[in-house]
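Here is the structure we will look at.
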Amino acid sequence: MSRIMLIDDDTSLREVVAFTLREQGHEVDAHGTGESAFGSIESFRPDVVITDLKMPGIDGMEVLRRVADIDATIPVIMLTAFGSITDAVEAMRHGAYDYLTKPYDRDELRLTIEQALERRRLLLENRTLRDRLHEETRRVEFVHASAAMQEILAMIRRIAPTEATVLLTGESGTGKEVLAHALHSCSDRWDKPFVAIDCAAIPRDLMESELFGHTKGAFTGAVKDKPGKFQRADGGTLLLDEIGDLPPELQTKLLRVIETRLVDVVGGQQPVPVDVRLIAATNADLEEKVQRGEFRHDLYYRLHVIPIHIPPLRARTDDIPALWEHFVRRYAGDSPVRSSPGLVRALMARRWPGNVRELANVCQRLVLLRSTDVLQADDLPPEEQRSGGPGGEAVTGGGPSRNRDAGRSSGDFLGELPHDQLSLNDVERDIIVRALAKYGGNRSRTAAYLRIPRHVLLYRLEKFEIK
């Protein structure tokens, strides 16, 4: 049995409609004024509201607005005289479900209510699914046990409902993007897009188009309109990862977008408004970049509204056992793989220069190459067992090229060290010159060899006046 609230100042019509509704099996709460109806709406909790459009005091339009404020899933059906159909249609534009003309038809009344109830059922079902999705989305995988991470996640929950820009800092692999996703999931924008762009991975000449989009014909190869990351994230959250690598000219344009909330599309005629929450992330020291003139100070202050630093894994070793078991479950699937106490102690003794990303890679390797379902410390490859190395850094197995580089002495790069003072600028310049010579002056291959973005190499060439 459905609950229907009926509001009409015409007593005779109200009684007839109420009688008809009860005959059709509904529970009816009838009122002659809007004021009276809203005195009992919270306790009655109607499934449908039927209201006269023209009434003294609270009229049908005001009833519609108030019902929407209480529960937007409750359909409101307007009763109107034939001459007021235009007003009824206007009410539908403002959210009314339907309207019925007086004198009403019993079958039309029954059918309209059935359809309104079905619509409410679907809306409630959709709300339940969205709430369930929201709860599942809020439980973002950010495994932790340390007090440091508990404080960070508490901060995330506090600032998530706000629109404040957040700057995440920390070494590579500490989980900045995962934390950004957690912040988005806990915000009011959780059901809108979360878009990430790695500012260090996009070629400099394509970065503006990637960020702001372009129109067809804006440049060679622009065969159709393409929305940028800002447009794709409209209504949601945009993560600008490795923001410290953003070229200076784009820093200026990004600052303008932050200040105006307008995007200048490449080749476009008019700026496009965007509604985006910004999260920036970097493993660089932006303050130092500002002091060196490599990063705009005004953009830095715009991004530095809520700074959050994620400690390296070696500074929060309490997280290692929980993270390790999380990765074991991920990579082992249904297999009953477990870790020996000795392995856990060995893992916690490491410095993990690659942080959580390195831990995940090591775990995947051990799980896939295991000979038994109990992982032991001896299963770690030799380079993974060492926690020494220069400066106490762990030696990792990052592939053949890294192993070759790790095995070289400084003399392989520099020759004999001088007996007097050593200039790091001279060392850096010498390495770049040798790398350029190695690849015949090819700047792209040189940048790849040095593992730096091409625009960083170009900056160094200009800085050191290398022709």
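Each chain of the structure tokens is named A, B, ... in the order shown, its residues numbered from 1; ligands are numbered from 1 in display order.
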
Each residue of segment 297-375 of chain A with at least one atom at most 12 Å from segment 276-282 of chain A should appear once, together with its nearest atom pair and the corresponding distance in Å (one decimal); atoms considered: only C-alpha atoms; ordering: chain, then increasing residue number; output as a Markdown table.
| residue | atom | partner | partner_atom | distance |
| --- | --- | --- | --- | --- |
| A:Leu299 | CA | A:Ala280 | CA | 11.1 |
| A:Tyr300 | CA | A:Ala280 | CA | 10.2 |
| A:Tyr301 | CA | A:Ala280 | CA | 11.9 |
| A:Arg302 | CA | A:Leu278 | CA | 10.3 |
| A:Leu303 | CA | A:Ala280 | CA | 6.9 |
| A:His304 | CA | A:Ala280 | CA | 8.9 |
| A:Val305 | CA | A:Ile279 | CA | 10.2 |
| A:Ile306 | CA | A:Ile279 | CA | 9.5 |
| A:Pro307 | CA | A:Ala280 | CA | 9.5 |
| A:Ile308 | CA | A:Ala281 | CA | 9.5 |
| A:His309 | CA | A:Ala281 | CA | 9.7 |
| A:Ile310 | CA | A:Ala281 | CA | 10.5 |

Can you write just those residues out, C-alpha atoms, as a PDB file, in the first residue's frame?
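And here's result_5.pdb as it stands now:
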ATOM      1  CA  LEU A 299      51.776  29.530  -9.030  1.00  0.00           C
ATOM      2  CA  TYR A 300      53.568  27.839  -6.145  1.00  0.00           C
ATOM      3  CA  TYR A 301      51.511  29.773  -3.600  1.00  0.00           C
ATOM      4  CA  ARG A 302      48.313  28.985  -5.516  1.00  0.00           C
ATOM      5  CA  LEU A 303      49.095  25.265  -5.313  1.00  0.00           C
ATOM      6  CA  HIS A 304      50.482  25.335  -1.781  1.00  0.00           C
ATOM      7  CA  VAL A 305      47.084  25.862  -0.099  1.00  0.00           C
ATOM      8  CA  ILE A 306      46.981  22.483   1.671  1.00  0.00           C
ATOM      9  CA  PRO A 307      50.451  20.865   1.560  1.00  0.00           C
ATOM     10  CA  ILE A 308      50.667  17.183   2.491  1.00  0.00           C
ATOM     11  CA  HIS A 309      54.020  15.416   2.620  1.00  0.00           C
ATOM     12  CA  ILE A 310      54.011  11.622   2.295  1.00  0.00           C
TER      13      ILE A 310
END

(request) Pick out the residues sitting within 6 Å of Leu53 of chain A, and hand them over as a PyMOL selection string; count only C-alpha atoms, and ignore anything fewer than 2 positions along from it in its own chain. (result) chain A and resi 60+78-80

Could you write those residues out with N, CA and C atoms, as a JSON list (two decimals), in the first residue's frame?
[["chain", "number", "residue", "atom", "x", "y", "z"],
["A", 60, "GLY", "N", 0.98, 25.51, -5.26],
["A", 60, "GLY", "CA", 1.55, 24.28, -5.78],
["A", 60, "GLY", "C", 3.03, 24.37, -6.09],
["A", 78, "MET", "N", 0.53, 17.67, -10.22],
["A", 78, "MET", "CA", -0.24, 18.90, -10.11],
["A", 78, "MET", "C", -1.69, 18.68, -10.55],
["A", 79, "LEU", "N", -2.64, 19.23, -9.78],
["A", 79, "LEU", "CA", -4.04, 19.30, -10.18],
["A", 79, "LEU", "C", -4.30, 20.72, -10.66],
["A", 80, "THR", "N", -4.87, 20.87, -11.85],
["A", 80, "THR", "CA", -5.06, 22.21, -12.38],
["A", 80, "THR", "C", -6.34, 22.29, -13.18]]

Selection: 9 Å around Lys224 of chain A, only C-alpha atoms, excl. self and same-chain fewer than 6 positions, as an mmCIF file with N, CA and C atoms, in the first residue's frame:
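Result written to selection.cif:
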data_model
loop_
_atom_site.group_PDB
_atom_site.id
_atom_site.type_symbol
_atom_site.label_atom_id
_atom_site.label_comp_id
_atom_site.auth_asym_id
_atom_site.auth_seq_id
_atom_site.Cartn_x
_atom_site.Cartn_y
_atom_site.Cartn_z
ATOM 1 N N HIS A 214 42.415 21.088 -27.997
ATOM 2 C CA HIS A 214 42.628 21.843 -29.229
ATOM 3 C C HIS A 214 41.435 21.681 -30.163
ATOM 4 N N THR A 215 41.330 22.608 -31.099
ATOM 5 C CA THR A 215 40.281 22.538 -32.103
ATOM 6 C C THR A 215 40.839 21.919 -33.381
ATOM 7 N N LYS A 216 39.949 21.475 -34.232
ATOM 8 C CA LYS A 216 40.354 20.910 -35.514
ATOM 9 C C LYS A 216 41.124 21.959 -36.309
ATOM 10 N N GLY A 217 42.291 21.568 -36.830
ATOM 11 C CA GLY A 217 43.098 22.471 -37.629
ATOM 12 C C GLY A 217 43.961 23.424 -36.834
#

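The coordinates place atom CA of Leu124 of chain A at 16.8 Å from atom CA of Met1 of chain A.
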
For the contact check between segment 268-324 of chain A and segment 337-351 of chain A, emit one row per residue of segment 268-324 of chain A within 12 Å, containing the shortest atom pair and the distance in Å rounded to one decimal, counting only C-alpha atoms, chain then rising number order, as CSV.
residue,atom,partner,partner_atom,distance
A:Pro312,CA,A:Arg351,CA,9.1
A:Leu313,CA,A:Arg351,CA,7.5
A:Arg314,CA,A:Arg351,CA,5.1
A:Ala315,CA,A:Arg351,CA,8.7
A:Arg316,CA,A:Met348,CA,9.6
A:Thr317,CA,A:Met348,CA,6.0
A:Asp318,CA,A:Met348,CA,8.2
A:Asp319,CA,A:Met348,CA,9.2
A:Ile320,CA,A:Met348,CA,6.4
A:Pro321,CA,A:Val344,CA,6.5
A:Ala322,CA,A:Val344,CA,10.1
A:Leu323,CA,A:Leu347,CA,10.9
A:Trp324,CA,A:Val344,CA,8.4

Just N, CA and C atoms for this one: save the residues we selected as a PDB file, in the first residue's frame.
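Printed below is again.pdb as written:
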ATOM      1  N   PRO A 312      58.716   8.771   3.078  1.00  0.00           N
ATOM      2  CA  PRO A 312      59.180   7.572   2.376  1.00  0.00           C
ATOM      3  C   PRO A 312      58.910   6.329   3.212  1.00  0.00           C
ATOM      4  N   LEU A 313      58.911   5.185   2.565  1.00  0.00           N
ATOM      5  CA  LEU A 313      58.575   3.940   3.254  1.00  0.00           C
ATOM      6  C   LEU A 313      59.561   3.638   4.377  1.00  0.00           C
ATOM      7  N   ARG A 314      60.829   4.019   4.201  1.00  0.00           N
ATOM      8  CA  ARG A 314      61.835   3.739   5.231  1.00  0.00           C
ATOM      9  C   ARG A 314      61.572   4.532   6.508  1.00  0.00           C
ATOM     10  N   ALA A 315      60.745   5.590   6.408  1.00  0.00           N
ATOM     11  CA  ALA A 315      60.413   6.391   7.590  1.00  0.00           C
ATOM     12  C   ALA A 315      59.109   5.937   8.236  1.00  0.00           C
ATOM     13  N   ARG A 316      58.462   4.953   7.655  1.00  0.00           N
ATOM     14  CA  ARG A 316      57.210   4.414   8.223  1.00  0.00           C
ATOM     15  C   ARG A 316      57.198   2.894   8.051  1.00  0.00           C
ATOM     16  N   THR A 317      58.193   2.278   8.654  1.00  0.00           N
ATOM     17  CA  THR A 317      58.359   0.830   8.478  1.00  0.00           C
ATOM     18  C   THR A 317      57.194   0.028   9.053  1.00  0.00           C
ATOM     19  N   ASP A 318      56.396   0.643   9.933  1.00  0.00           N
ATOM     20  CA  ASP A 318      55.224  -0.065  10.460  1.00  0.00           C
ATOM     21  C   ASP A 318      54.241  -0.425   9.348  1.00  0.00           C
ATOM     22  N   ASP A 319      54.314   0.298   8.229  1.00  0.00           N
ATOM     23  CA  ASP A 319      53.398   0.019   7.116  1.00  0.00           C
ATOM     24  C   ASP A 319      53.832  -1.187   6.288  1.00  0.00           C
ATOM     25  N   ILE A 320      55.107  -1.575   6.387  1.00  0.00           N
ATOM     26  CA  ILE A 320      55.642  -2.596   5.483  1.00  0.00           C
ATOM     27  C   ILE A 320      54.932  -3.941   5.617  1.00  0.00           C
ATOM     28  N   PRO A 321      54.742  -4.505   6.826  1.00  0.00           N
ATOM     29  CA  PRO A 321      54.060  -5.806   6.903  1.00  0.00           C
ATOM     30  C   PRO A 321      52.653  -5.782   6.313  1.00  0.00           C
ATOM     31  N   ALA A 322      51.886  -4.732   6.618  1.00  0.00           N
ATOM     32  CA  ALA A 322      50.517  -4.650   6.098  1.00  0.00           C
ATOM     33  C   ALA A 322      50.515  -4.505   4.585  1.00  0.00           C
ATOM     34  N   LEU A 323      51.404  -3.660   4.061  1.00  0.00           N
ATOM     35  CA  LEU A 323      51.492  -3.492   2.609  1.00  0.00           C
ATOM     36  C   LEU A 323      51.922  -4.789   1.932  1.00  0.00           C
ATOM     37  N   TRP A 324      52.898  -5.455   2.528  1.00  0.00           N
ATOM     38  CA  TRP A 324      53.408  -6.704   1.949  1.00  0.00           C
ATOM     39  C   TRP A 324      52.295  -7.749   1.853  1.00  0.00           C
TER      40      TRP A 324
END

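The closest residue to Asp275 of chain A, picked from A:Asn126, A:Gln231, A:Gln115, A:Thr252 and counting only C-alpha atoms, is A:Gln231.
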
(message) Measuring between only C-alpha atoms, which one of A:Ala154, A:Val362, A:Leu211, A:Ala182 shows the shortest distance to Ala233 of chain A?
(response)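 Residue with the minimum atom-to-atom distance to Ala233 of chain A: A:Leu211.
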
(message) Going by DSSP on the backbone, which residues of segment 33-158 of chain A come out as alpha helix (DSSP H)? List them as a PyMOL selection string.
(response) chain A and resi 34-38+41-44+60-70+85-93+106-138+147-158

Export of the given selection (C-alpha atoms) as a tab-separated table (two decimals), in the first residue's frame:
chain	number	residue	atom	x	y	z
A	34	GLY	CA	0.08	23.67	2.22
A	35	GLU	CA	0.84	24.84	5.75
A	36	SER	CA	-1.19	21.97	7.20
A	37	ALA	CA	0.43	19.43	4.86
A	38	PHE	CA	3.98	20.38	5.79
A	41	ILE	CA	4.85	15.44	5.91
A	42	GLU	CA	7.84	14.28	8.00
A	43	SER	CA	5.72	11.83	10.00
A	44	PHE	CA	3.56	10.65	7.08
A	60	GLY	CA	1.55	24.28	-5.78
A	61	MET	CA	4.91	25.68	-6.94
A	62	GLU	CA	6.01	26.25	-3.35
A	63	VAL	CA	4.84	22.74	-2.44
A	64	LEU	CA	7.00	21.44	-5.30
A	65	ARG	CA	10.08	23.30	-4.04
A	66	ARG	CA	9.64	22.21	-0.44
A	67	VAL	CA	9.05	18.56	-1.31
A	68	ALA	CA	12.21	18.58	-3.44
A	69	ASP	CA	14.16	19.95	-0.46
A	70	ILE	CA	12.82	17.18	1.77
A	85	ILE	CA	-2.41	24.08	-18.19
A	86	THR	CA	0.38	26.49	-19.17
A	87	ASP	CA	1.21	26.97	-15.50
A	88	ALA	CA	1.16	23.20	-14.97
A	89	VAL	CA	3.60	22.68	-17.84
A	90	GLU	CA	5.84	25.32	-16.28
A	91	ALA	CA	5.67	23.39	-13.01
A	92	MET	CA	6.85	20.26	-14.84
A	93	ARG	CA	9.83	22.22	-16.11
A	106	ARG	CA	-10.35	8.00	-12.42
A	107	ASP	CA	-8.36	5.79	-14.81
A	108	GLU	CA	-5.98	8.60	-15.68
A	109	LEU	CA	-5.47	9.25	-11.97
A	110	ARG	CA	-4.74	5.59	-11.29
A	111	LEU	CA	-2.33	5.26	-14.23
A	112	THR	CA	-0.46	8.48	-13.39
A	113	ILE	CA	0.01	7.40	-9.77
A	114	GLU	CA	1.23	3.94	-10.83
A	115	GLN	CA	3.81	5.52	-13.14
A	116	ALA	CA	4.86	8.01	-10.47
A	117	LEU	CA	5.33	5.19	-7.94
A	118	GLU	CA	7.43	3.22	-10.44
A	119	ARG	CA	9.60	6.28	-11.05
A	120	ARG	CA	10.12	6.73	-7.31
A	121	ARG	CA	11.01	3.05	-6.96
A	122	LEU	CA	13.67	3.41	-9.67
A	123	LEU	CA	15.03	6.61	-8.12
A	124	LEU	CA	15.30	4.97	-4.70
A	125	GLU	CA	16.98	1.94	-6.23
A	126	ASN	CA	19.41	4.19	-8.05
A	127	ARG	CA	20.10	6.13	-4.85
A	128	THR	CA	20.81	2.89	-3.00
A	129	LEU	CA	23.22	1.77	-5.71
A	130	ARG	CA	24.94	5.17	-5.74
A	131	ASP	CA	25.28	5.14	-1.95
A	132	ARG	CA	26.70	1.62	-2.07
A	133	LEU	CA	29.11	2.65	-4.83
A	134	HIS	CA	30.10	5.71	-2.82
A	135	GLU	CA	30.88	3.63	0.24
A	136	GLU	CA	32.89	1.17	-1.86
A	137	THR	CA	34.68	4.03	-3.58
A	138	ARG	CA	35.53	5.70	-0.27
A	147	ALA	CA	50.84	6.84	12.92
A	148	ALA	CA	52.18	9.11	10.16
A	149	MET	CA	49.79	7.71	7.57
A	150	GLN	CA	46.88	7.74	10.01
A	151	GLU	CA	47.44	11.47	10.47
A	152	ILE	CA	47.58	12.01	6.71
A	153	LEU	CA	44.34	10.10	6.10
A	154	ALA	CA	42.65	12.04	8.90
A	155	MET	CA	43.73	15.22	7.13
A	156	ILE	CA	42.35	13.88	3.83
A	157	ARG	CA	38.95	13.27	5.41
A	158	ARG	CA	38.90	16.81	6.83

(message) Please list as a PyMOL selection string every residue within 10 Å of segment 12-18 of chain A, counting only C-alpha atoms and excluding residues in the same chain fewer than 5 positions away.
(response) chain A and resi 4-7+23-24+26-32+50-52+102-104+106+109

Keeping C-alpha atoms, export the residues of the selection given above as a PDB file, in the first residue's frame.
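Everything below was put into out32.pdb:
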ATOM      1  CA  ILE A   4      -0.272   9.596  -0.918  1.00  0.00           C
ATOM      2  CA  MET A   5      -0.459  13.147   0.391  1.00  0.00           C
ATOM      3  CA  LEU A   6      -3.287  15.182  -1.151  1.00  0.00           C
ATOM      4  CA  ILE A   7      -3.375  19.005  -0.916  1.00  0.00           C
ATOM      5  CA  GLU A  23     -10.698   2.744  -3.148  1.00  0.00           C
ATOM      6  CA  GLN A  24      -7.592   2.051  -5.228  1.00  0.00           C
ATOM      7  CA  HIS A  26      -3.709   3.784  -1.105  1.00  0.00           C
ATOM      8  CA  GLU A  27      -3.252   5.344   2.316  1.00  0.00           C
ATOM      9  CA  VAL A  28      -4.230   9.009   2.011  1.00  0.00           C
ATOM     10  CA  ASP A  29      -3.291  12.066   4.088  1.00  0.00           C
ATOM     11  CA  ALA A  30      -5.521  14.924   2.845  1.00  0.00           C
ATOM     12  CA  HIS A  31      -5.014  18.629   3.637  1.00  0.00           C
ATOM     13  CA  GLY A  32      -6.759  21.852   2.679  1.00  0.00           C
ATOM     14  CA  ILE A  50      -0.809  15.406  -5.318  1.00  0.00           C
ATOM     15  CA  THR A  51      -1.354  19.153  -4.989  1.00  0.00           C
ATOM     16  CA  ASP A  52      -3.590  21.815  -6.427  1.00  0.00           C
ATOM     17  CA  LYS A 102     -10.014  19.069 -13.268  1.00  0.00           C
ATOM     18  CA  PRO A 103     -12.418  17.347 -13.356  1.00  0.00           C
ATOM     19  CA  TYR A 104     -10.078  14.370 -13.154  1.00  0.00           C
ATOM     20  CA  ARG A 106     -10.354   8.002 -12.420  1.00  0.00           C
ATOM     21  CA  LEU A 109      -5.473   9.253 -11.967  1.00  0.00           C
TER      22      LEU A 109
END

(request) Work out how far apart atom CA of Thr165 of chain A and atom CA of Val356 of chain A are and give it in Å to one decimal. (result)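 So the two atoms, atom CA of Thr165 of chain A and atom CA of Val356 of chain A, lie 24.8 Å apart.
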
(request) List every residue of segment 136-357 of chain A that DSSP, applied to the backbone of this structure, assigns to strand (DSSP E or B), and report them as a VMD selection string. (result) chain A and resid 166 to 169 194 to 198 214 226 237 to 241 262 to 263 266 272 to 273 277 to 282 306 to 309 338 to 339
